[in-house]
There are 2 protein chains.
Amino acid sequence: MKIAFIGLGIMGKPMARNLLRAGYDVTVYNRSRGAVEELVKDGAKAANSAAEAAAQATVVITMLPNSPQVQEVVCGEKGVLEGAKPGTILVDMSSISPIAAQEIGKACLERGVSMLDAPVSGGEPKAIDGTLSIMVGGDARAFEQVYDILLTMGTSAVLCGELGAGNTTKLANQVIVAVNIAAVSEAFTLSTMAGVDPEKVFHAIRGGLAGSTVLNAKMPMILNDDYKPGFKVDLHIKDLNNALEAGHTVGAPLPLTAAVMEMLQNLHANHCGQDDHCAIAKYYQKVSGRGIAEK
Amino acid sequence: MKIAFIGLGIMGKPMARNLLRAGYDVTVYNRSRGAVEELVKDGAKAANSAAEAAAQATVVITMLPNSPQVQEVVCGEKGVLEGAKPGTILVDMSSISPIAAQEIGKACLERGVSMLDAPVSGGEPKAIDGTLSIMVGGDARAFEQVYDILLTMGTSAVLCGELGAGNTTKLANQVIVAVNIAAVSEAFTLSTMAGVDPEKVFHAIRGGLAGSTVLNAKMPMILNDDYKPGFKVDLHIKDLNNALEAGHTVGAPLPLTAAVMEMLQNLHANHCGQDDHCAIAKYYQKVSGRGIAEK
């Protein structure tokens, strides 16, 4: 099965590499050439446009920053749809707006191309290890046809529903993660300002109903004033933008998402956009005048 | 060691019973007599006032609804401090304001009584089983003296800091729980209204960074439209009131707590105060016009 892989960024490069290692015939395209040359050394073929890459393939994978880039690379000049043969499956693994995914999917259908949206969670380390979690939306038959390809890049691939369902699931995930980080930051700001050692609070509550993966993963970072990403504030802003846009479209109220978005935007404006998203604790520190980790 | 136990409600009655079973000499007092008579059948002595109960004991335990009741029972007419001998230890296991706990502790000290605040988490089933989690604030020596008594009622008792630290820790816990329930409700309202099956979203995200004890415990209830408590909306309102009061006093910003408090207050106003706190999902249902569990 011939694969075209378009978008060789922090995530795309190791994902394409895992496909090559598994023995797939992969043609790559990327706007800047450096990453293309790296992948060619690993055995990939190079294309000069998305259209040229897509013309070689039965499965086209895109891994791009956000909705406008996917729109451009798929539907734009020298884009995927200019090269793709009818029957091609497009798997967009970018995290984009589910509304945009559905619009792009319509354009694909007009050219006989079947689209799946298949955003991932796990970040760069899991992209390298091939242990991503992949949330998929689209046609069940297309999903079955690319299932083995997806499991070359991830440990799980779950079909959540129609086209857009992958990104909707990802957005639900990102809403919970952002709000849970803010909940932990808010609760520990309260207890620390009331004079209680945050390590003792952490120890006392983590085993109960307040326990969460966010609490276990992020609290040690917050206590060490360590905001090295991980997952960046600016990327979470992108995801919450997509969540709010989707919420407005379908009529879902997102008051907590909107409140946490303001915290993230404030961090971005204060040059913390490249910090790990648990820097939400720094927003609380700024408002309260006291850090959770301060003795 | 002679114990006075004051406040034989849903929580207090089984807690006092566990002390009797462990062989302690327990004198009980409660405003209404029914519960007193039950406990007398189980081997307790009855007192006619908090003062009379306290006069018999070296350790006085109170388990009452909120700060004003503890204030009244400890400092009021025929209260604990009228009867207690100097050297008595007062263990208030109610969930109250940490500020109130510190004020009551001052009044105790003037009478030579040492106070610990020791709120619990786990609810009625764990009170019955003697498996509560107990969060304690106060003097370390007093804590050591009552440690075995506490472990008759709970599986863990953690000294978190000075007097008030027990309730501060409990409030941090309750802030996280309330906000995490709202996060889950908000995220699933988004994905459901976008047309994605909530069971599939639950399956796809629970193993990742969005995972939490709240997600695992409450999502099945929400999916079954089952709001039988568990922990009631009205009790969570009480706790968040204390959290907001504490936040205002120490200068900790609690924007998400305040937002979720409005949801809980709205549920109370709509006759859902006796529902489980995961009825926050019903608030989202009302605003969006669609339930997460609806097909």
# chains A, B, ... in the order shown; residues from 1 in each chain; ligands from 1

$ closest_atom_pairs --of "chain A" --to "chain B" --cutoff "7 Å" --atoms "only C-alpha atoms" --output "JSON lines"
{"residue": "A:Met135", "atom": "CA", "partner": "B:Ala204", "partner_atom": "CA", "distance": 6.8}
{"residue": "A:Val158", "atom": "CA", "partner": "B:Ala204", "partner_atom": "CA", "distance": 6.4}
{"residue": "A:Cys160", "atom": "CA", "partner": "B:Lys200", "partner_atom": "CA", "distance": 5.5}
{"residue": "A:Gly161", "atom": "CA", "partner": "B:Val196", "partner_atom": "CA", "distance": 5.9}
{"residue": "A:Ala165", "atom": "CA", "partner": "B:Val196", "partner_atom": "CA", "distance": 5.9}
{"residue": "A:Thr168", "atom": "CA", "partner": "B:Ser191", "partner_atom": "CA", "distance": 5.7}
{"residue": "A:Thr169", "atom": "CA", "partner": "B:Val201", "partner_atom": "CA", "distance": 5.7}
{"residue": "A:Ala172", "atom": "CA", "partner": "B:Ala187", "partner_atom": "CA", "distance": 4.5}
{"residue": "A:Asn173", "atom": "CA", "partner": "B:Ala210", "partner_atom": "CA", "distance": 5.7}
{"residue": "A:Val175", "atom": "CA", "partner": "B:Ala187", "partner_atom": "CA", "distance": 5.9}
{"residue": "A:Ile176", "atom": "CA", "partner": "B:Ala183", "partner_atom": "CA", "distance": 5.2}
{"residue": "A:Val177", "atom": "CA", "partner": "B:Ala210", "partner_atom": "CA", "distance": 5.0}
{"residue": "A:Val179", "atom": "CA", "partner": "B:Ala183", "partner_atom": "CA", "distance": 5.9}
{"residue": "A:Asn180", "atom": "CA", "partner": "B:Asn180", "partner_atom": "CA", "distance": 5.8}
{"residue": "A:Ala183", "atom": "CA", "partner": "B:Ile176", "partner_atom": "CA", "distance": 5.2}
{"residue": "A:Val184", "atom": "CA", "partner": "B:Ile176", "partner_atom": "CA", "distance": 6.1}
{"residue": "A:Glu186", "atom": "CA", "partner": "B:Leu254", "partner_atom": "CA", "distance": 6.1}
{"residue": "A:Ala187", "atom": "CA", "partner": "B:Ala172", "partner_atom": "CA", "distance": 4.5}
{"residue": "A:Phe188", "atom": "CA", "partner": "B:Ala172", "partner_atom": "CA", "distance": 6.4}
{"residue": "A:Thr189", "atom": "CA", "partner": "B:Ala252", "partner_atom": "CA", "distance": 6.2}
{"residue": "A:Leu190", "atom": "CA", "partner": "B:Ala252", "partner_atom": "CA", "distance": 5.2}
{"residue": "A:Ser191", "atom": "CA", "partner": "B:Thr168", "partner_atom": "CA", "distance": 5.7}
{"residue": "A:Met193", "atom": "CA", "partner": "B:Val250", "partner_atom": "CA", "distance": 6.0}
{"residue": "A:Ala194", "atom": "CA", "partner": "B:Val250", "partner_atom": "CA", "distance": 6.0}
{"residue": "A:Val196", "atom": "CA", "partner": "B:Ala165", "partner_atom": "CA", "distance": 5.9}
{"residue": "A:Lys200", "atom": "CA", "partner": "B:Cys160", "partner_atom": "CA", "distance": 5.5}
{"residue": "A:Val201", "atom": "CA", "partner": "B:Thr169", "partner_atom": "CA", "distance": 5.7}
{"residue": "A:Ala204", "atom": "CA", "partner": "B:Val158", "partner_atom": "CA", "distance": 6.4}
{"residue": "A:Ile205", "atom": "CA", "partner": "B:Asn173", "partner_atom": "CA", "distance": 6.2}
{"residue": "A:Leu209", "atom": "CA", "partner": "B:Thr213", "partner_atom": "CA", "distance": 5.5}
{"residue": "A:Ala210", "atom": "CA", "partner": "B:Val177", "partner_atom": "CA", "distance": 5.0}
{"residue": "A:Gly211", "atom": "CA", "partner": "B:Thr213", "partner_atom": "CA", "distance": 5.5}
{"residue": "A:Ser212", "atom": "CA", "partner": "B:Ser212", "partner_atom": "CA", "distance": 3.8}
{"residue": "A:Thr213", "atom": "CA", "partner": "B:Leu209", "partner_atom": "CA", "distance": 5.5}
{"residue": "A:Val214", "atom": "CA", "partner": "B:Leu209", "partner_atom": "CA", "distance": 6.0}
{"residue": "A:Gly247", "atom": "CA", "partner": "B:Leu190", "partner_atom": "CA", "distance": 6.0}
{"residue": "A:Val250", "atom": "CA", "partner": "B:Ala194", "partner_atom": "CA", "distance": 5.9}
{"residue": "A:Gly251", "atom": "CA", "partner": "B:Ser288", "partner_atom": "CA", "distance": 6.3}
{"residue": "A:Ala252", "atom": "CA", "partner": "B:Leu190", "partner_atom": "CA", "distance": 5.2}
{"residue": "A:Pro253", "atom": "CA", "partner": "B:Ser288", "partner_atom": "CA", "distance": 6.4}
{"residue": "A:Leu254", "atom": "CA", "partner": "B:Glu186", "partner_atom": "CA", "distance": 6.1}
{"residue": "A:Leu256", "atom": "CA", "partner": "B:Leu256", "partner_atom": "CA", "distance": 6.7}
{"residue": "A:Val287", "atom": "CA", "partner": "B:Pro253", "partner_atom": "CA", "distance": 7.0}
{"residue": "A:Ser288", "atom": "CA", "partner": "B:Ala252", "partner_atom": "CA", "distance": 5.6}

$ residues_around --residues "segment 10-13 of chain B" --least-positions-apart "5" --cutoff "9 Å" --atoms "only C-alpha atoms" --output "list in words"
Phe5, Asn18, Ala35, Val36, Glu38, Leu39, Thr62, Met63, Leu64, Gly123, Glu124, Pro125, Ala127 and Ile128 of chain B

$ select_by_dssp --residues "segment 54-109 of chain B" --states "helix (DSSP H, G or I)" --output "list in words"
Ala54, Ala55, Ser67, Pro68, Gln69, Val70, Gln71, Glu72, Val73, Val74, Cys75, Val80, Leu81, Glu82, Gly83, Pro98, Ile99, Ala100, Ala101, Gln102, Glu103, Ile104, Gly105, Lys106, Ala107, Cys108 and Leu109 of chain B

$ residues_around --residues "Asp275 of chain B" --least-positions-apart "3" --cutoff "8 Å" --atoms "only C-alpha atoms" --output "number ranges by chain"
B: 227-229, 231-233, 272, 278-279

$ write_last_selection --atoms "C-alpha atoms" --output "PDB file, in the first residue's frame"
ATOM      1  CA  TYR B 227     -28.568  11.113  40.092  1.00  0.00           C
ATOM      2  CA  LYS B 228     -29.203   9.176  43.305  1.00  0.00           C
ATOM      3  CA  PRO B 229     -26.712  10.473  45.916  1.00  0.00           C
ATOM      4  CA  PHE B 231     -22.898  13.342  47.731  1.00  0.00           C
ATOM      5  CA  LYS B 232     -25.687  15.883  47.456  1.00  0.00           C
ATOM      6  CA  VAL B 233     -25.762  19.149  45.509  1.00  0.00           C
ATOM      7  CA  CYS B 272     -32.294  19.255  42.472  1.00  0.00           C
ATOM      8  CA  CYS B 278     -22.975  15.001  39.203  1.00  0.00           C
ATOM      9  CA  ALA B 279     -26.382  16.586  38.493  1.00  0.00           C
TER      10      ALA B 279
END

$ residues_around --residues "Gly7 of chain A" --least-positions-apart "3" --cutoff "12 Å" --atoms "only C-alpha atoms" --output "ChimeraX atom specification"
/A:4,10-16,27-36,39,47,49-50,53,60-66,69-70,73-74,92-94

$ atom_distance --atom1 "atom CA of Ala101 of chain A" --atom2 "atom CA of Ala55 of chain A"
21.5 Å

$ residues_around --residues "Asp225 of chain B" --least-positions-apart "4" --cutoff "10 Å" --atoms "only C-alpha atoms" --output "VMD selection string"
chain B and resid 219 to 221 278 to 279 281 to 282 291 to 294

$ write_last_selection --atoms "N, CA, C and O atoms" --output "compact mmCIF listing (two decimals), in the first residue's frame"
# COMPACT_ATOMS: atom_id res chain seq x y z
N MET B 219 -19.29 9.42 35.20
CA MET B 219 -19.76 9.30 33.82
C MET B 219 -20.78 8.17 33.66
O MET B 219 -21.81 8.38 32.99
N PRO B 220 -20.56 7.00 34.27
CA PRO B 220 -21.59 5.95 34.16
C PRO B 220 -22.93 6.41 34.74
O PRO B 220 -23.99 6.08 34.20
N MET B 221 -22.92 7.17 35.84
CA MET B 221 -24.17 7.70 36.41
C MET B 221 -24.85 8.64 35.43
O MET B 221 -26.05 8.56 35.18
N CYS B 278 -23.20 15.12 40.65
CA CYS B 278 -22.97 15.00 39.20
C CYS B 278 -24.20 15.48 38.42
O CYS B 278 -24.18 15.51 37.18
N ALA B 279 -25.24 15.92 39.14
CA ALA B 279 -26.38 16.59 38.49
C ALA B 279 -25.96 17.89 37.82
O ALA B 279 -26.76 18.50 37.11
N ALA B 281 -24.35 17.91 35.37
CA ALA B 281 -24.64 17.56 33.97
C ALA B 281 -26.04 18.01 33.57
O ALA B 281 -26.28 18.35 32.41
N LYS B 282 -26.98 18.01 34.54
CA LYS B 282 -28.35 18.45 34.24
C LYS B 282 -28.43 19.95 34.01
O LYS B 282 -29.29 20.44 33.26
N GLY B 291 -29.67 16.38 26.72
CA GLY B 291 -28.94 15.62 27.72
C GLY B 291 -27.82 14.80 27.10
O GLY B 291 -27.92 14.38 25.94
N ILE B 292 -26.76 14.57 27.89
CA ILE B 292 -25.64 13.77 27.41
C ILE B 292 -26.11 12.34 27.12
O ILE B 292 -25.65 11.71 26.18
N ALA B 293 -27.04 11.85 27.94
CA ALA B 293 -27.47 10.46 27.82
C ALA B 293 -28.51 10.25 26.73
O ALA B 293 -28.81 9.12 26.37
N GLU B 294 -29.08 11.35 26.17
CA GLU B 294 -30.13 11.19 25.16
C GLU B 294 -29.56 10.64 23.85
O GLU B 294 -28.52 11.09 23.40
